[in-house]
Amino acid sequence: MNALAPAPNVHHVSTTDGTVLLDTERGRLYGINPTGSAIWKALSDGHSVEQITRDLTARFDAPPDRVRADVTTLVAQLRDRGLLDTTG
């Protein structure tokens with residue numbers, strides 16, 4: 001899989017309740033929960049889906065297949081909304 005990174009038109013604010021993403025090109029706001037926020041931060045830091053899956057699996061003591069499915073679903077949703085760029 002290619003590297004993923006936040007699109008340049010996306011700004012974010014994180015709190016203990018999650019993260020709000022602002023797409024300045026489309027004028028849209030999106031809210032994601034704390035787990036989604038952890039995924040967003042990891043993507044912003046250049047981590048791969050595989051690395052994020054390993055980290056969250058350990059953090060939450062959850063089944064790896066379930067975590068991978070959840071991470072993959074969120075990444076697809078973010079990409080479909082133009083919030084992530086594929087680089088490389």
# chains A, B, ... in the order shown; residues from 1 in each chain; ligands from 1
>>> residues_around(residues="Thr73 (chain A)", least_positions_apart="5", cutoff="12 Å", atoms="only C-alpha atoms", output="PyMOL selection string")
chain A and resi 36+39+49+66-68+78-80
>>> residues_around(residues="Pro64 (chain A)", least_positions_apart="6", cutoff="9 Å", atoms="only C-alpha atoms", output="PyMOL selection string")
chain A and resi 53-54+56-58
>>> write_last_selection(atoms="all heavy atoms", output="PDB file, in the first residue's frame")
ATOM      1  N   THR A  53      -2.294  -0.911  12.964  1.00  0.00           N
ATOM      2  CA  THR A  53      -3.017  -2.103  13.413  1.00  0.00           C
ATOM      3  C   THR A  53      -2.290  -2.779  14.575  1.00  0.00           C
ATOM      4  O   THR A  53      -2.908  -3.121  15.589  1.00  0.00           O
ATOM      5  CB  THR A  53      -3.199  -3.091  12.238  1.00  0.00           C
ATOM      6  OG1 THR A  53      -3.978  -2.454  11.216  1.00  0.00           O
ATOM      7  CG2 THR A  53      -3.890  -4.368  12.694  1.00  0.00           C
ATOM      8  N   ARG A  54      -0.980  -2.939  14.450  1.00  0.00           N
ATOM      9  CA  ARG A  54      -0.199  -3.549  15.535  1.00  0.00           C
ATOM     10  C   ARG A  54      -0.303  -2.721  16.818  1.00  0.00           C
ATOM     11  O   ARG A  54      -0.511  -3.266  17.906  1.00  0.00           O
ATOM     12  CB  ARG A  54       1.271  -3.687  15.130  1.00  0.00           C
ATOM     13  CG  ARG A  54       1.555  -4.835  14.202  1.00  0.00           C
ATOM     14  CD  ARG A  54       3.040  -5.098  14.065  1.00  0.00           C
ATOM     15  NE  ARG A  54       3.815  -3.920  13.697  1.00  0.00           N
ATOM     16  CZ  ARG A  54       4.071  -3.530  12.446  1.00  0.00           C
ATOM     17  NH1 ARG A  54       3.601  -4.241  11.440  1.00  0.00           N
ATOM     18  NH2 ARG A  54       4.798  -2.462  12.218  1.00  0.00           N
ATOM     19  N   LEU A  56      -2.602  -0.472  17.786  1.00  0.00           N
ATOM     20  CA  LEU A  56      -3.944  -0.477  18.393  1.00  0.00           C
ATOM     21  C   LEU A  56      -4.309  -1.844  18.956  1.00  0.00           C
ATOM     22  O   LEU A  56      -4.995  -1.927  19.972  1.00  0.00           O
ATOM     23  CB  LEU A  56      -4.987  -0.007  17.380  1.00  0.00           C
ATOM     24  CG  LEU A  56      -4.916   1.464  16.971  1.00  0.00           C
ATOM     25  CD1 LEU A  56      -5.988   1.778  15.933  1.00  0.00           C
ATOM     26  CD2 LEU A  56      -5.046   2.381  18.175  1.00  0.00           C
ATOM     27  N   THR A  57      -3.854  -2.902  18.298  1.00  0.00           N
ATOM     28  CA  THR A  57      -4.112  -4.254  18.804  1.00  0.00           C
ATOM     29  C   THR A  57      -3.500  -4.406  20.194  1.00  0.00           C
ATOM     30  O   THR A  57      -4.144  -4.916  21.120  1.00  0.00           O
ATOM     31  CB  THR A  57      -3.548  -5.307  17.834  1.00  0.00           C
ATOM     32  OG1 THR A  57      -4.243  -5.205  16.590  1.00  0.00           O
ATOM     33  CG2 THR A  57      -3.701  -6.709  18.385  1.00  0.00           C
ATOM     34  N   ALA A  58      -2.269  -3.946  20.352  1.00  0.00           N
ATOM     35  CA  ALA A  58      -1.597  -4.029  21.655  1.00  0.00           C
ATOM     36  C   ALA A  58      -2.251  -3.097  22.675  1.00  0.00           C
ATOM     37  O   ALA A  58      -2.471  -3.482  23.828  1.00  0.00           O
ATOM     38  CB  ALA A  58      -0.123  -3.690  21.502  1.00  0.00           C
TER      39      ALA A  58
END
>>> closest_residue(among="A:Val13, A:Ala76, A:Ile52, A:Leu43", to="Gly31 (chain A)", atoms="only C-alpha atoms")
A:Val13
>>> atom_distance(atom1="CA of Ala5 (chain A)", atom2="CA of Phe60 (chain A)")
23.9 Å
>>> select_by_dssp(residues="chain A", states="strand (DSSP E or B)", output="JSON, numbers by chain")
{"A": [3, 4, 5, 6, 10, 11, 12, 13, 14, 15, 18, 19, 20, 21, 22, 23, 28, 29, 30, 31, 32, 84, 85, 86, 87]}
>>> closest_residue(among="A:Gly82, A:Ser48, A:Ser37, A:Ala42", to="Ser14 (chain A)", atoms="only C-alpha atoms")
A:Ser37
>>> residues_around(residues="Leu84 (chain A)", least_positions_apart="5", cutoff="12 Å", atoms="only C-alpha atoms", output="number ranges by chain")
A: 2-11, 21, 23, 40, 43-44, 46, 74-79
>>> write_last_selection(atoms="N, CA and C atoms", output="PDB file, in the first residue's frame")
ATOM      1  N   ASN A   2       0.488   2.248  -0.733  1.00  0.00           N
ATOM      2  CA  ASN A   2       1.217   3.504  -0.748  1.00  0.00           C
ATOM      3  C   ASN A   2       1.067   4.213   0.580  1.00  0.00           C
ATOM      4  N   ALA A   3       2.008   5.132   0.848  1.00  0.00           N
ATOM      5  CA  ALA A   3       1.933   5.918   2.077  1.00  0.00           C
ATOM      6  C   ALA A   3       0.714   6.835   2.023  1.00  0.00           C
ATOM      7  N   LEU A   4       0.146   7.067   3.167  1.00  0.00           N
ATOM      8  CA  LEU A   4      -1.017   7.946   3.280  1.00  0.00           C
ATOM      9  C   LEU A   4      -0.653   9.123   4.152  1.00  0.00           C
ATOM     10  N   ALA A   5      -1.191  10.284   3.826  1.00  0.00           N
ATOM     11  CA  ALA A   5      -0.937  11.485   4.613  1.00  0.00           C
ATOM     12  C   ALA A   5      -2.158  12.392   4.527  1.00  0.00           C
ATOM     13  N   PRO A   6      -2.373  13.226   5.532  1.00  0.00           N
ATOM     14  CA  PRO A   6      -3.476  14.192   5.450  1.00  0.00           C
ATOM     15  C   PRO A   6      -3.332  15.063   4.200  1.00  0.00           C
ATOM     16  N   ALA A   7      -4.445  15.337   3.556  1.00  0.00           N
ATOM     17  CA  ALA A   7      -4.439  16.231   2.401  1.00  0.00           C
ATOM     18  C   ALA A   7      -4.055  17.631   2.867  1.00  0.00           C
ATOM     19  N   PRO A   8      -3.391  18.404   2.023  1.00  0.00           N
ATOM     20  CA  PRO A   8      -2.936  19.734   2.429  1.00  0.00           C
ATOM     21  C   PRO A   8      -4.078  20.692   2.755  1.00  0.00           C
ATOM     22  N   ASN A   9      -5.264  20.413   2.264  1.00  0.00           N
ATOM     23  CA  ASN A   9      -6.418  21.270   2.507  1.00  0.00           C
ATOM     24  C   ASN A   9      -7.161  20.910   3.793  1.00  0.00           C
ATOM     25  N   VAL A  10      -6.611  20.008   4.596  1.00  0.00           N
ATOM     26  CA  VAL A  10      -7.287  19.555   5.813  1.00  0.00           C
ATOM     27  C   VAL A  10      -6.545  20.068   7.043  1.00  0.00           C
ATOM     28  N   HIS A  11      -7.282  20.729   7.905  1.00  0.00           N
ATOM     29  CA  HIS A  11      -6.763  21.195   9.190  1.00  0.00           C
ATOM     30  C   HIS A  11      -7.493  20.423  10.271  1.00  0.00           C
ATOM     31  N   LEU A  21     -11.965  17.539  11.836  1.00  0.00           N
ATOM     32  CA  LEU A  21     -11.227  17.789  10.606  1.00  0.00           C
ATOM     33  C   LEU A  21     -11.978  18.824   9.784  1.00  0.00           C
ATOM     34  N   ASP A  23     -12.102  20.492   6.091  1.00  0.00           N
ATOM     35  CA  ASP A  23     -11.691  20.467   4.692  1.00  0.00           C
ATOM     36  C   ASP A  23     -11.916  21.876   4.140  1.00  0.00           C
ATOM     37  N   TRP A  40      -5.801   8.916  12.959  1.00  0.00           N
ATOM     38  CA  TRP A  40      -5.461  10.138  12.221  1.00  0.00           C
ATOM     39  C   TRP A  40      -4.048  10.603  12.596  1.00  0.00           C
ATOM     40  N   LEU A  43      -1.432   8.297  11.113  1.00  0.00           N
ATOM     41  CA  LEU A  43      -1.280   8.557   9.679  1.00  0.00           C
ATOM     42  C   LEU A  43      -0.498   9.844   9.463  1.00  0.00           C
ATOM     43  N   SER A  44      -0.800  10.863  10.264  1.00  0.00           N
ATOM     44  CA  SER A  44      -0.090  12.151  10.166  1.00  0.00           C
ATOM     45  C   SER A  44       1.390  11.993  10.469  1.00  0.00           C
ATOM     46  N   GLY A  46       3.091   9.430   9.656  1.00  0.00           N
ATOM     47  CA  GLY A  46       3.696   8.599   8.619  1.00  0.00           C
ATOM     48  C   GLY A  46       3.618   7.106   8.852  1.00  0.00           C
ATOM     49  N   LEU A  74     -11.849   3.078   8.186  1.00  0.00           N
ATOM     50  CA  LEU A  74     -11.695   4.517   8.423  1.00  0.00           C
ATOM     51  C   LEU A  74     -10.799   5.149   7.367  1.00  0.00           C
ATOM     52  N   VAL A  75      -9.697   4.497   7.022  1.00  0.00           N
ATOM     53  CA  VAL A  75      -8.796   5.028   5.994  1.00  0.00           C
ATOM     54  C   VAL A  75      -9.550   5.196   4.673  1.00  0.00           C
ATOM     55  N   ALA A  76     -10.357   4.222   4.297  1.00  0.00           N
ATOM     56  CA  ALA A  76     -11.135   4.309   3.056  1.00  0.00           C
ATOM     57  C   ALA A  76     -12.120   5.473   3.109  1.00  0.00           C
ATOM     58  N   GLN A  77     -12.779   5.656   4.250  1.00  0.00           N
ATOM     59  CA  GLN A  77     -13.719   6.765   4.390  1.00  0.00           C
ATOM     60  C   GLN A  77     -13.013   8.112   4.294  1.00  0.00           C
ATOM     61  N   LEU A  78     -11.862   8.234   4.944  1.00  0.00           N
ATOM     62  CA  LEU A  78     -11.098   9.481   4.888  1.00  0.00           C
ATOM     63  C   LEU A  78     -10.624   9.759   3.461  1.00  0.00           C
ATOM     64  N   ARG A  79     -10.170   8.717   2.789  1.00  0.00           N
ATOM     65  CA  ARG A  79      -9.712   8.884   1.404  1.00  0.00           C
ATOM     66  C   ARG A  79     -10.873   9.262   0.492  1.00  0.00           C
TER      67      ARG A  79
END
>>> atom_distance(atom1="CA of Glu25 (chain A)", atom2="CA of Asp45 (chain A)")
22.6 Å
>>> closest_residue(among="A:Arg59, A:Asp65, A:Gly18, A:Thr86", to="Tyr30 (chain A)", atoms="only C-alpha atoms")
A:Gly18
>>> closest_residue(among="A:Asp17, A:His47, A:His12, A:Lys41", to="Leu29 (chain A)", atoms="only C-alpha atoms")
A:His12
>>> atom_distance(atom1="CA of Ala38 (chain A)", atom2="CA of Asp55 (chain A)")
10.0 Å
>>> select_by_dssp(residues="chain A", states="helix (DSSP H, G or I)", output="ChimeraX atom specification")
/A:34-44,49-60,64-80
